[in-house]
file work15.pdb (PDB, C-alpha atoms (C1' of nucleotides))
ATOM      1  CA  MET B  11      21.726  -5.408-116.642
ATOM      2  CA  GLU B  12      23.916  -8.017-115.063
ATOM      3  CA  ALA B  13      26.818  -5.584-114.917
ATOM      4  CA  PHE B  14      25.832  -4.166-111.547
ATOM      5  CA  ASP B  15      25.881  -7.620-110.025
ATOM      6  CA  VAL B  16      29.470  -7.965-111.110
ATOM      7  CA  LEU B  17      30.362  -4.637-109.529
ATOM      8  CA  GLY B  18      28.496  -5.550-106.383
ATOM      9  CA  ASP B  19      31.431  -7.516-105.029
ATOM     10  CA  PRO B  20      34.211  -5.525-103.321
ATOM     11  CA  VAL B  21      36.892  -7.989-104.386
ATOM     12  CA  ARG B  22      35.886  -7.647-108.022
ATOM     13  CA  ARG B  23      35.859  -3.877-107.744
ATOM     14  CA  ARG B  24      39.355  -3.995-106.307
ATOM     15  CA  ILE B  25      40.518  -6.245-109.125
ATOM     16  CA  LEU B  26      39.108  -3.796-111.635
ATOM     17  CA  GLU B  27      41.057  -1.024-109.946
ATOM     18  CA  LEU B  28      44.212  -3.080-110.306
ATOM     19  CA  LEU B  29      43.521  -3.790-113.952
ATOM     20  CA  ALA B  30      42.723  -0.165-114.665
ATOM     21  CA  ALA B  31      46.369   0.629-114.159
ATOM     22  CA  GLY B  32      47.327  -1.787-116.898
ATOM     23  CA  GLU B  33      47.678  -5.414-117.839
ATOM     24  CA  ARG B  34      48.437  -7.662-114.934
ATOM     25  CA  ARG B  35      49.368 -11.288-114.422
ATOM     26  CA  ALA B  36      46.725 -13.441-112.744
ATOM     27  CA  GLY B  37      49.289 -14.380-110.127
ATOM     28  CA  ASP B  38      49.908 -10.723-109.394
ATOM     29  CA  VAL B  39      46.234 -10.139-108.818
ATOM     30  CA  VAL B  40      46.032 -13.218-106.635
ATOM     31  CA  GLU B  41      48.949 -11.981-104.568
ATOM     32  CA  THR B  42      47.455  -8.532-104.008
ATOM     33  CA  ILE B  43      43.966  -9.797-103.239
ATOM     34  CA  GLN B  44      45.343 -12.406-100.897
ATOM     35  CA  ALA B  45      47.188  -9.707 -99.010
ATOM     36  CA  GLU B  46      44.205  -7.403 -98.847
ATOM     37  CA  PHE B  47      41.283  -9.796 -98.437
ATOM     38  CA  GLY B  48      42.860 -13.071 -97.386
ATOM     39  CA  LEU B  49      41.332 -15.044-100.226
ATOM     40  CA  THR B  50      42.785 -18.173-101.767
ATOM     41  CA  GLN B  51      44.002 -18.526-105.336
ATOM     42  CA  PRO B  52      40.887 -20.384-106.557
ATOM     43  CA  ALA B  53      38.639 -17.711-105.105
ATOM     44  CA  VAL B  54      40.497 -14.983-106.972
ATOM     45  CA  SER B  55      40.527 -17.081-110.117
ATOM     46  CA  ARG B  56      36.766 -17.375-109.965
ATOM     47  CA  HIS B  57      36.409 -13.624-109.599
ATOM     48  CA  LEU B  58      38.634 -13.182-112.617
ATOM     49  CA  ARG B  59      36.411 -15.589-114.455
ATOM     50  CA  VAL B  60      33.310 -13.620-113.575
ATOM     51  CA  LEU B  61      35.002 -10.470-114.832
ATOM     52  CA  ARG B  62      35.986 -12.262-118.021
ATOM     53  CA  GLU B  63      32.558 -13.714-118.697
ATOM     54  CA  SER B  64      30.808 -10.451-117.985
ATOM     55  CA  GLY B  65      33.126  -8.635-120.368
ATOM     56  CA  PHE B  66      34.699  -6.378-117.783
ATOM     57  CA  ALA B  67      38.086  -7.942-118.327
ATOM     58  CA  GLY B  68      39.897  -9.852-121.022
ATOM     59  CA  ALA B  69      42.755 -12.284-120.738
ATOM     60  CA  ARG B  70      45.521 -13.324-123.062
ATOM     61  CA  ALA B  71      47.959 -16.164-122.555
ATOM     62  CA  GLU B  72      51.671 -15.606-122.469
ATOM     63  CA  GLY B  73      53.351 -18.916-121.956
ATOM     64  CA  THR B  74      51.973 -20.369-118.795
ATOM     65  CA  ARG B  75      50.947 -16.951-117.515
ATOM     66  CA  ARG B  76      47.675 -15.175-118.140
ATOM     67  CA  LEU B  77      47.599 -11.445-118.568
ATOM     68  CA  TYR B  78      44.373  -9.750-117.599
ATOM     69  CA  ALA B  79      43.287  -6.347-118.781
ATOM     70  CA  LEU B  80      40.328  -4.120-118.109
ATOM     71  CA  ASN B  81      37.835  -3.680-120.908
ATOM     72  CA  GLY B  82      36.782  -0.054-120.801
ATOM     73  CA  GLN B  83      33.861  -0.687-123.075
ATOM     74  CA  ALA B  84      32.132  -2.851-120.485
ATOM     75  CA  LEU B  85      31.933   0.091-118.125
ATOM     76  CA  GLU B  86      29.720   1.947-120.538
ATOM     77  CA  SER B  87      26.439   0.245-119.720
ATOM     78  CA  VAL B  88      26.901   1.146-116.080
ATOM     79  CA  GLU B  89      28.087   4.643-116.840
ATOM     80  CA  ASP B  90      25.183   5.167-119.212
ATOM     81  CA  TRP B  91      22.579   3.943-116.771
ATOM     82  CA  LEU B  92      23.919   6.201-114.048
ATOM     83  CA  ALA B  93      24.153   9.167-116.391
ATOM     84  CA  GLU B  94      20.584   8.696-117.528
ATOM     85  CA  LEU B  95      19.357   8.464-113.948
ATOM     86  CA  ARG B  96      21.275  11.595-113.060
ATOM     87  CA  ARG B  97      19.955  13.369-116.135
ATOM     88  CA  GLN B  98      16.342  12.602-115.312
ATOM     89  CA  TRP B  99      16.880  13.623-111.744
ATOM     90  CA  ASN B 100      18.472  16.946-112.623
ATOM     91  CA  GLN B 101      15.870  17.606-115.271
ATOM     92  CA  ARG B 102      13.179  17.127-112.696
ATOM     93  CA  LEU B 103      14.937  19.520-110.358
ATOM     94  CA  ASP B 104      15.143  22.034-113.186
ATOM     95  CA  ALA B 105      11.409  21.750-113.678
ATOM     96  CA  LEU B 106      10.854  22.348-109.984
ATOM     97  CA  GLU B 107      13.114  25.356-110.084
ATOM     98  CA  THR B 108      11.206  26.831-112.981
ATOM     99  CA  GLU B 109       7.960  26.337-111.182
ATOM    100  CA  LEU B 110       9.326  28.005-108.085
ATOM    101  CA  THR B 111      10.605  30.935-110.104
ATOM    102  CA  ARG B 112       7.109  31.394-111.469
ATOM    103  CA  GLY B 113       5.846  31.590-107.933
ATOM    104  CA  ARG B 114       3.808  28.435-108.059
ATOM    105  CA  GLN B 115       5.258  26.780-104.984
ATOM    106  CA  ARG B 116       2.381  24.431-104.341
ATOM    107  CA  ASN B 117       4.407  21.241-104.690
ATOM    108  CA  CYS B 118       7.514  21.516-102.627
ATOM    109  CA  ASN B 119       8.803  23.378 -99.611
ATOM    110  CA  GLN B 120      12.488  22.994-100.158
ATOM    111  CA  ARG B 121      14.888  23.446-103.019
ATOM    112  CA  PRO B 122      17.743  20.976-103.277
ATOM    113  CA  ARG B 123      20.849  21.831-105.261
ATOM    114  CA  ARG B 124      20.705  21.040-108.922
ATOM    115  CA  ASP B 125      23.597  18.588-108.912
ATOM    116  CA  GLY B 126      22.502  16.888-105.752
ATOM    117  CA  ARG B 127      25.703  17.790-103.948
ATOM    118  CA  GLY B 128      25.875  19.033-100.390
TER
ATOM    119  CA  MET C  15      31.279   0.792-100.759
ATOM    120  CA  GLU C  16      27.946  -0.779-100.000
ATOM    121  CA  ALA C  17      26.258   1.302-102.667
ATOM    122  CA  PHE C  18      26.971  -1.153-105.449
ATOM    123  CA  ASP C  19      25.248  -3.908-103.529
ATOM    124  CA  VAL C  20      22.130  -1.809-103.460
ATOM    125  CA  LEU C  21      22.297  -1.225-107.194
ATOM    126  CA  GLY C  22      22.918  -4.908-107.791
ATOM    127  CA  ASP C  23      19.228  -5.694-107.657
ATOM    128  CA  PRO C  24      17.190  -5.063-110.833
ATOM    129  CA  VAL C  25      14.050  -4.265-108.867
ATOM    130  CA  ARG C  26      15.866  -1.597-106.878
ATOM    131  CA  ARG C  27      17.333  -0.121-110.039
ATOM    132  CA  ARG C  28      13.864   0.048-111.529
ATOM    133  CA  ILE C  29      12.543   1.746-108.415
ATOM    134  CA  LEU C  30      15.318   4.311-108.655
ATOM    135  CA  GLU C  31      14.331   4.970-112.248
ATOM    136  CA  LEU C  32      10.770   5.577-111.119
ATOM    137  CA  LEU C  33      11.885   7.904-108.353
ATOM    138  CA  ALA C  34      14.208   9.794-110.677
ATOM    139  CA  ALA C  35      11.153  11.193-112.419
ATOM    140  CA  GLY C  36       9.927  12.655-109.161
ATOM    141  CA  GLU C  37       8.353  11.907-105.831
ATOM    142  CA  ARG C  38       6.156   8.865-105.838
ATOM    143  CA  ARG C  39       3.759   7.200-103.431
ATOM    144  CA  ALA C  40       4.885   3.853-102.058
ATOM    145  CA  GLY C  41       1.668   2.348-103.342
ATOM    146  CA  ASP C  42       2.431   3.644-106.818
ATOM    147  CA  VAL C  43       5.813   1.999-106.767
ATOM    148  CA  VAL C  44       4.288  -1.223-105.488
ATOM    149  CA  GLU C  45       1.757  -1.166-108.299
ATOM    150  CA  THR C  46       4.343  -0.647-111.018
ATOM    151  CA  ILE C  47       6.777  -3.202-109.661
ATOM    152  CA  GLN C  48       4.010  -5.722-109.204
ATOM    153  CA  ALA C  49       3.037  -5.277-112.840
ATOM    154  CA  GLU C  50       6.607  -5.535-114.101
ATOM    155  CA  PHE C  51       8.148  -8.097-111.755
ATOM    156  CA  GLY C  52       5.212  -9.794-110.081
ATOM    157  CA  LEU C  53       6.397  -9.029-106.575
ATOM    158  CA  THR C  54       4.180  -8.658-103.540
ATOM    159  CA  GLN C  55       3.713  -5.494-101.500
ATOM    160  CA  PRO C  56       6.008  -6.600 -98.651
ATOM    161  CA  ALA C  57       8.774  -7.394-101.096
ATOM    162  CA  VAL C  58       8.590  -3.933-102.633
ATOM    163  CA  SER C  59       8.388  -2.371 -99.202
ATOM    164  CA  ARG C  60      11.574  -4.148 -98.244
ATOM    165  CA  HIS C  61      13.338  -2.843-101.317
ATOM    166  CA  LEU C  62      12.180   0.645-100.478
ATOM    167  CA  ARG C  63      13.571   0.151 -97.027
ATOM    168  CA  VAL C  64      16.941  -0.883 -98.406
ATOM    169  CA  LEU C  65      16.966   2.215-100.601
ATOM    170  CA  ARG C  66      16.044   4.338 -97.606
ATOM    171  CA  GLU C  67      18.672   2.864 -95.304
ATOM    172  CA  SER C  68      21.379   3.084 -97.927
ATOM    173  CA  GLY C  69      20.547   6.722 -98.543
ATOM    174  CA  PHE C  70      19.503   6.309-102.166
ATOM    175  CA  ALA C  71      15.984   7.370-101.365
ATOM    176  CA  GLY C  72      14.199   9.383 -98.756
ATOM    177  CA  ALA C  73      10.601   9.195 -97.621
ATOM    178  CA  ARG C  74       8.230  11.706 -96.125
ATOM    179  CA  ALA C  75       4.810  11.015 -94.716
ATOM    180  CA  GLU C  76       1.721  12.673 -96.084
ATOM    181  CA  GLY C  77      -1.194  11.495 -94.060
ATOM    182  CA  THR C  78      -1.295   7.759 -94.322
ATOM    183  CA  ARG C  79       0.717   7.804 -97.543
ATOM    184  CA  ARG C  80       4.487   7.778 -97.880
ATOM    185  CA  LEU C  81       6.158   9.747-100.606
ATOM    186  CA  TYR C  82       9.515   8.462-101.742
ATOM    187  CA  ALA C  83      12.087  10.516-103.571
ATOM    188  CA  LEU C  84      15.483   9.825-105.064
ATOM    189  CA  ASN C  85      18.482  11.261-103.265
ATOM    190  CA  GLY C  86      20.846  12.395-105.976
ATOM    191  CA  GLN C  87      23.701  12.763-103.544
ATOM    192  CA  ALA C  88      23.797   9.032-102.898
ATOM    193  CA  LEU C  89      24.670   8.411-106.515
ATOM    194  CA  GLU C  90      27.915  10.286-106.139
ATOM    195  CA  SER C  91      29.975   7.559-104.532
ATOM    196  CA  VAL C  92      29.142   5.260-107.407
ATOM    197  CA  GLU C  93      29.641   7.933-110.028
ATOM    198  CA  ASP C  94      32.943   8.912-108.479
ATOM    199  CA  TRP C  95      34.266   5.374-108.325
ATOM    200  CA  LEU C  96      33.369   4.768-111.942
ATOM    201  CA  ALA C  97      34.851   8.079-113.037
ATOM    202  CA  GLU C  98      38.090   7.344-111.247
ATOM    203  CA  LEU C  99      38.319   3.912-112.819
ATOM    204  CA  ARG C 100      37.651   5.403-116.234
ATOM    205  CA  ARG C 101      40.227   8.119-115.631
ATOM    206  CA  GLN C 102      42.940   5.664-114.704
ATOM    207  CA  TRP C 103      42.081   3.500-117.658
ATOM    208  CA  ASN C 104      42.163   6.358-120.140
ATOM    209  CA  GLN C 105      45.341   7.721-118.624
ATOM    210  CA  ARG C 106      46.982   4.372-119.115
ATOM    211  CA  LEU C 107      45.852   4.309-122.725
ATOM    212  CA  ASP C 108      47.302   7.773-123.163
ATOM    213  CA  ALA C 109      50.620   6.529-121.853
ATOM    214  CA  LEU C 110      50.528   3.623-124.275
ATOM    215  CA  GLU C 111      49.746   5.980-127.108
ATOM    216  CA  THR C 112      52.682   8.172-126.238
ATOM    217  CA  GLU C 113      54.950   5.206-126.139
ATOM    218  CA  LEU C 114      53.731   4.028-129.508
ATOM    219  CA  THR C 115      54.238   7.472-130.981
ATOM    220  CA  ARG C 116      57.825   7.316-129.815
ATOM    221  CA  GLY C 117      58.218   4.062-131.666
ATOM    222  CA  ARG C 118      58.751   1.919-128.607
ATOM    223  CA  GLN C 119      56.103  -0.701-129.254
ATOM    224  CA  ARG C 120      57.571  -3.375-127.039
ATOM    225  CA  ASN C 121      54.546  -3.721-124.771
ATOM    226  CA  CYS C 122      51.445  -4.030-126.852
ATOM    227  CA  ASN C 123      50.447  -5.077-130.325
ATOM    228  CA  GLN C 124      47.149  -3.301-130.566
ATOM    229  CA  ARG C 125      45.868   0.147-129.878
ATOM    230  CA  PRO C 126      42.404   0.391-128.388
ATOM    231  CA  ARG C 127      40.436   3.585-128.696
ATOM    232  CA  ARG C 128      41.060   6.103-125.994
ATOM    233  CA  ASP C 129      37.506   6.180-124.691
ATOM    234  CA  GLY C 130      37.081   2.455-124.810
ATOM    235  CA  ARG C 131      34.229   2.756-127.294
ATOM    236  CA  GLY C 132      33.596   0.848-130.542
TER
ATOM    237  C1'  DT S  25      58.787 -38.617-119.766
ATOM    238  C1'  DA S  26      58.909 -36.636-115.158
ATOM    239  C1'  DT S  27      58.626 -32.445-112.585
ATOM    240  C1'  DA S  28      57.575 -27.814-111.311
ATOM    241  C1'  DT S  29      54.919 -23.706-111.921
ATOM    242  C1'  DA S  30      50.790 -21.208-113.145
ATOM    243  C1'  DT S  31      46.015 -21.102-113.576
ATOM    244  C1'  DA S  32      41.439 -23.004-113.798
ATOM    245  C1'  DT S  33      37.653 -26.149-112.355
ATOM    246  C1'  DA S  34      34.758 -29.421-109.229
ATOM    247  C1'  DC S  35      32.353 -29.978-105.237
ATOM    248  C1'  DG S  36      30.235 -29.268-100.830
ATOM    249  C1'  DC S  37      29.242 -25.949 -97.201
ATOM    250  C1'  DG S  38      27.804 -21.854 -94.638
ATOM    251  C1'  DA S  39      26.021 -17.360 -94.978
ATOM    252  C1'  DT S  40      23.373 -14.080 -97.017
ATOM    253  C1'  DT S  41      19.303 -12.546 -99.374
ATOM    254  C1'  DA S  42      15.021 -12.046-101.458
ATOM    255  C1'  DG S  43      10.653 -13.922-101.615
ATOM    256  C1'  DT S  44       5.725 -15.124 -99.586
ATOM    257  C1'  DG S  45       1.928 -15.031 -96.242
ATOM    258  C1'  DA S  46       0.327 -13.250 -92.073
ATOM    259  C1'  DT S  47       0.130  -9.537 -89.180
ATOM    260  C1'  DA S  48       1.115  -5.238 -86.928
ATOM    261  C1'  DA S  49       1.256  -0.168 -86.805
ATOM    262  C1'  DC S  50      -0.249   4.205 -88.211
ATOM    263  C1'  DG S  51      -3.417   7.684 -89.690
ATOM    264  C1'  DG S  52      -8.198   9.246 -91.514
ATOM    265  C1'  DG S  53     -13.150   9.271 -91.606
ATOM    266  C1'  DC S  54     -17.521   7.898 -89.712
TER
ATOM    267  C1'  DG D  11     -14.064   4.318 -80.342
ATOM    268  C1'  DC D  12     -14.304   1.526 -84.613
ATOM    269  C1'  DC D  13     -13.338   0.410 -89.246
ATOM    270  C1'  DC D  14     -10.687   1.017 -93.384
ATOM    271  C1'  DG D  15      -6.859   2.019 -96.290
ATOM    272  C1'  DT D  16      -1.861   2.287 -96.526
ATOM    273  C1'  DT D  17       2.605   0.814 -95.418
ATOM    274  C1'  DA D  18       5.909  -1.660 -92.589
ATOM    275  C1'  DT D  19       7.453  -5.722 -90.092
ATOM    276  C1'  DC D  20       7.719 -10.721 -88.615
ATOM    277  C1'  DA D  21       8.566 -15.645 -89.341
ATOM    278  C1'  DC D  22       9.871 -18.707 -92.339
ATOM    279  C1'  DT D  23      11.648 -20.801 -96.703
ATOM    280  C1'  DA D  24      14.137 -21.322-101.107
ATOM    281  C1'  DA D  25      17.631 -19.904-103.890
ATOM    282  C1'  DT D  26      21.988 -17.711-104.631
ATOM    283  C1'  DC D  27      26.757 -16.800-103.827
ATOM    284  C1'  DG D  28      31.286 -16.878-102.343
ATOM    285  C1'  DC D  29      34.506 -19.476 -99.933
ATOM    286  C1'  DG D  30      38.048 -23.346 -99.050
ATOM    287  C1'  DT D  31      39.896 -27.932-100.128
ATOM    288  C1'  DA D  32      41.098 -30.864-103.510
ATOM    289  C1'  DT D  33      42.049 -31.680-108.197
ATOM    290  C1'  DA D  34      42.667 -30.945-113.174
ATOM    291  C1'  DT D  35      44.853 -28.648-117.119
ATOM    292  C1'  DA D  36      48.533 -26.531-119.465
ATOM    293  C1'  DT D  37      53.156 -24.980-120.334
ATOM    294  C1'  DA D  38      57.995 -24.824-119.543
ATOM    295  C1'  DT D  39      62.113 -27.351-118.200
ATOM    296  C1'  DA D  40      65.117 -31.000-116.974
TER
END

call {"tool": "encode", "arguments": {"input": "work15.pdb", "output": "structure tokens"}}
result
Amino acid sequence: MEAFDVLGDPVRRRILELLAAGERRAGDVVETIQAEFGLTQPAVSRHLRVLRESGFAGARAEGTRRLYALNGQALESVEDWLAELRRQWNQRLDALETELTRGRQRNCNQRPRRDGRG
Amino acid sequence: MEAFDVLGDPVRRRILELLAAGERRAGDVVETIQAEFGLTQPAVSRHLRVLRESGFAGARAEGTRRLYALNGQALESVEDWLAELRRQWNQRLDALETELTRGRQRNCNQRPRRDGRG
DNA sequence: TATATATATACGCGATTAGTGATAACGGGC
DNA sequence: GCCCGTTATCACTAATCGCGTATATATATA
């Protein structure tokens, strides 16, 4: 799953946030990222390329401009992996809970919340 | 958000999968990862350390052994970021849809599915 | 065709990171 | 106290990655 590598970079995550709001000109993205991270145009262009090649974003030409858009489908692999991890985790907590209810507390001395939240 | 960096490594993701099923001895993890990735014990130990320090996993000592467990709470930041991105994306598609329904198709020539699937 | 604008690529560098081998630390059993 | 099993750390190296500078490509316009 190469997807997580793509999301590992804060600049790329920020770009995805920008694109989530709608199509955006490459120059627009460059401008925003430059303001926020101080990167140059080529640096941003390369990030856009990574997003393109990994499927997280698509681009279409409009004259000399390039309009980038988020590809929601690409998020699925990440979402699915996380959901599966969460599912297994919660399922395991459910099993623990059941065991505790039955009074067989030999495994664990604490009982975390089912959803893992504080 | 440093969390995505942690998840960027395939070995660490695999370890999290192992831990999602329940507490596991460090040696167990080492054994599995060695079989699947061919890493040495120190390498796996380092990954476990990264997971520990980033909050994705916790460890408790049991004699000379160390039992590692997933920390479901640490997944939240990632889950939340993804959910927010998805929300914005879907919301934007909803807006597009509304506009199309009103017959003002000046912006877009296609209509992707609302959930970004298929 | 020449020029300007918009975007992408090439290349080299510095920093980070993950890996290995050796070793240290910690706890248990004799 | 000594040895053994388990896990963590240290020192070092190789590979990766992202950056900036410089340059190329492409389109519109004069």

call {"tool": "residues_around", "arguments": {"input": "work15.pdb", "residues": "Trp91 (chain B)", "least_positions_apart": "6", "cutoff": "12 Å", "atoms": "all atoms listed in the file", "output": "ChimeraX atom specification"}}
result
/B:11,13-14,85,97-98 /C:21,27-28,30-31,34,89,92-93,96

call {"tool": "interface_residues", "arguments": {"input": "work15.pdb", "of": "chain C", "to": "chain S", "cutoff": "12 Å", "atoms": "only C-alpha atoms (C1' of nucleotides)", "output": "PyMOL selection string"}}
result
chain C and resi 19-20+22-26+51-61+64+75-80

call {"tool": "axis_aligned_box", "arguments": {"input": "work15.pdb", "around": "region 22-31 of chain D", "padding_each_side": "4 Å", "output": "AutoDock Vina command-line options"}}
result
--center_x 24.9 --center_y -22.4 --center_z -98.5 --size_x 38.0 --size_y 19.1 --size_z 20.3

call {"tool": "resolve_selection", "arguments": {"input": "work15.pdb", "expression": "the PyMOL selection byres ((chain B and resi 100) around 9)", "output": "ChimeraX atom specification"}}
result
/B:95-99,101-105,124-126 /C:34,86

call {"tool": "write_last_selection", "arguments": {"input": "work15.pdb", "atoms": "C-alpha atoms", "output": "PDB file, in the frame of the given file"}}
result
ATOM      1  CA  LEU B  95      19.357   8.464-113.948  1.00  0.00           C
ATOM      2  CA  ARG B  96      21.275  11.595-113.060  1.00  0.00           C
ATOM      3  CA  ARG B  97      19.955  13.369-116.135  1.00  0.00           C
ATOM      4  CA  GLN B  98      16.342  12.602-115.312  1.00  0.00           C
ATOM      5  CA  TRP B  99      16.880  13.623-111.744  1.00  0.00           C
ATOM      6  CA  GLN B 101      15.870  17.606-115.271  1.00  0.00           C
ATOM      7  CA  ARG B 102      13.179  17.127-112.696  1.00  0.00           C
ATOM      8  CA  LEU B 103      14.937  19.520-110.358  1.00  0.00           C
ATOM      9  CA  ASP B 104      15.143  22.034-113.186  1.00  0.00           C
ATOM     10  CA  ALA B 105      11.409  21.750-113.678  1.00  0.00           C
ATOM     11  CA  ARG B 124      20.705  21.040-108.922  1.00  0.00           C
ATOM     12  CA  ASP B 125      23.597  18.588-108.912  1.00  0.00           C
ATOM     13  CA  GLY B 126      22.502  16.888-105.752  1.00  0.00           C
TER      14      GLY B 126
ATOM     15  CA  ALA C  34      14.208   9.794-110.677  1.00  0.00           C
ATOM     16  CA  GLY C  86      20.846  12.395-105.976  1.00  0.00           C
TER      17      GLY C  86
END

call {"tool": "residues_near_point", "arguments": {"input": "work15.pdb", "point": "(44.4, -12.4, -122.9)", "cutoff": "12 Å", "atoms": "all atoms listed in the file", "output": "MDAnalysis selection string"}}
result
(chainID B and resid 33:36 58 62 67:81) or (chainID C and resid 122)

call {"tool": "atom_distance", "arguments": {"input": "work15.pdb", "atom1": "C1' of DA18 (chain D)", "atom2": "CA of Glu45 (chain C)"}}
result
16.3 Å

call {"tool": "closest_atom_pairs", "arguments": {"input": "work15.pdb", "of": "chain D", "to": "chain B", "cutoff": "9 Å", "atoms": "all atoms listed in the file", "output": "Markdown table"}}
result
| residue | atom | partner | partner_atom | distance |
| --- | --- | --- | --- | --- |
| D:DG28 | C1' | B:Ala53 | CA | 7.9 |
| D:DC29 | C1' | B:Ala53 | CA | 6.9 |
| D:DG30 | C1' | B:Thr50 | CA | 7.5 |
| D:DA36 | C1' | B:Thr74 | CA | 7.1 |
| D:DT37 | C1' | B:Thr74 | CA | 5.0 |
| D:DA38 | C1' | B:Thr74 | CA | 7.5 |

call {"tool": "closest_residue", "arguments": {"input": "work15.pdb", "among": "C:Val43, C:Leu65, C:Leu114, C:Ala97", "to": "chain B", "atoms": "only C-alpha atoms"}}
result
C:Ala97

call {"tool": "closest_residue", "arguments": {"input": "work15.pdb", "among": "B:Gln83, B:Gln44, B:Leu28, B:Asp38", "to": "chain C", "atoms": "all atoms listed in the file"}}
result
B:Gln83

call {"tool": "closest_residue", "arguments": {"input": "work15.pdb", "among": "B:Glu63, B:Glu46, B:Glu107, B:Glu12", "to": "chain C", "atoms": "all atoms listed in the file"}}
result
B:Glu12

call {"tool": "atom_distance", "arguments": {"input": "work15.pdb", "atom1": "C1' of DC14 (chain D)", "atom2": "CA of Thr46 (chain C)"}}
result
23.2 Å

call {"tool": "closest_residue", "arguments": {"input": "work15.pdb", "among": "C:Ile29, C:Ala49, C:Gly36, C:Glu113", "to": "chain B", "atoms": "only C-alpha atoms"}}
result
C:Gly36

call {"tool": "atom_distance", "arguments": {"input": "work15.pdb", "atom1": "CA of Glu86 (chain B)", "atom2": "CA of Arg63 (chain C)"}}
result
28.6 Å

call {"tool": "decode", "arguments": {"input": "work15.pdb", "residues": "chain S", "atoms": "C-alpha atoms (C1' of nucleotides)", "output": "compact mmCIF listing (two decimals), in the first residue's frame"}}
result
# COMPACT_ATOMS: atom_id res chain seq x y z
C1' DT S 25 8.12 34.26 -35.30
C1' DA S 26 9.12 36.39 -30.87
C1' DT S 27 7.53 36.93 -26.24
C1' DA S 28 5.22 36.13 -21.97
C1' DT S 29 2.91 33.09 -18.86
C1' DA S 30 2.04 28.64 -16.80
C1' DT S 31 3.62 24.27 -15.60
C1' DA S 32 6.72 20.40 -15.65
C1' DT S 33 11.33 18.16 -15.62
C1' DA S 34 16.60 17.52 -14.79
C1' DC S 35 20.14 17.43 -11.71
C1' DG S 36 22.86 17.65 -7.59
C1' DC S 37 22.78 18.19 -2.60
C1' DG S 38 21.72 17.74 2.31
C1' DA S 39 18.92 15.54 5.59
C1' DT S 40 16.44 11.89 7.17
C1' DT S 41 15.64 7.05 7.80
C1' DA S 42 15.83 2.27 7.98
C1' DG S 43 18.87 -1.39 7.93
C1' DT S 44 22.82 -4.55 10.00
C1' DG S 45 26.08 -6.24 13.48
C1' DA S 46 27.67 -5.80 18.00
C1' DT S 47 26.58 -4.97 22.51
C1' DA S 48 24.24 -3.49 26.61
C1' DA S 49 20.50 -3.86 30.03
C1' DC S 50 17.10 -6.33 32.42
C1' DG S 51 14.98 -10.17 34.67
C1' DG S 52 14.74 -15.38 35.89
C1' DG S 53 16.63 -19.72 37.32
C1' DC S 54 20.41 -22.44 39.01
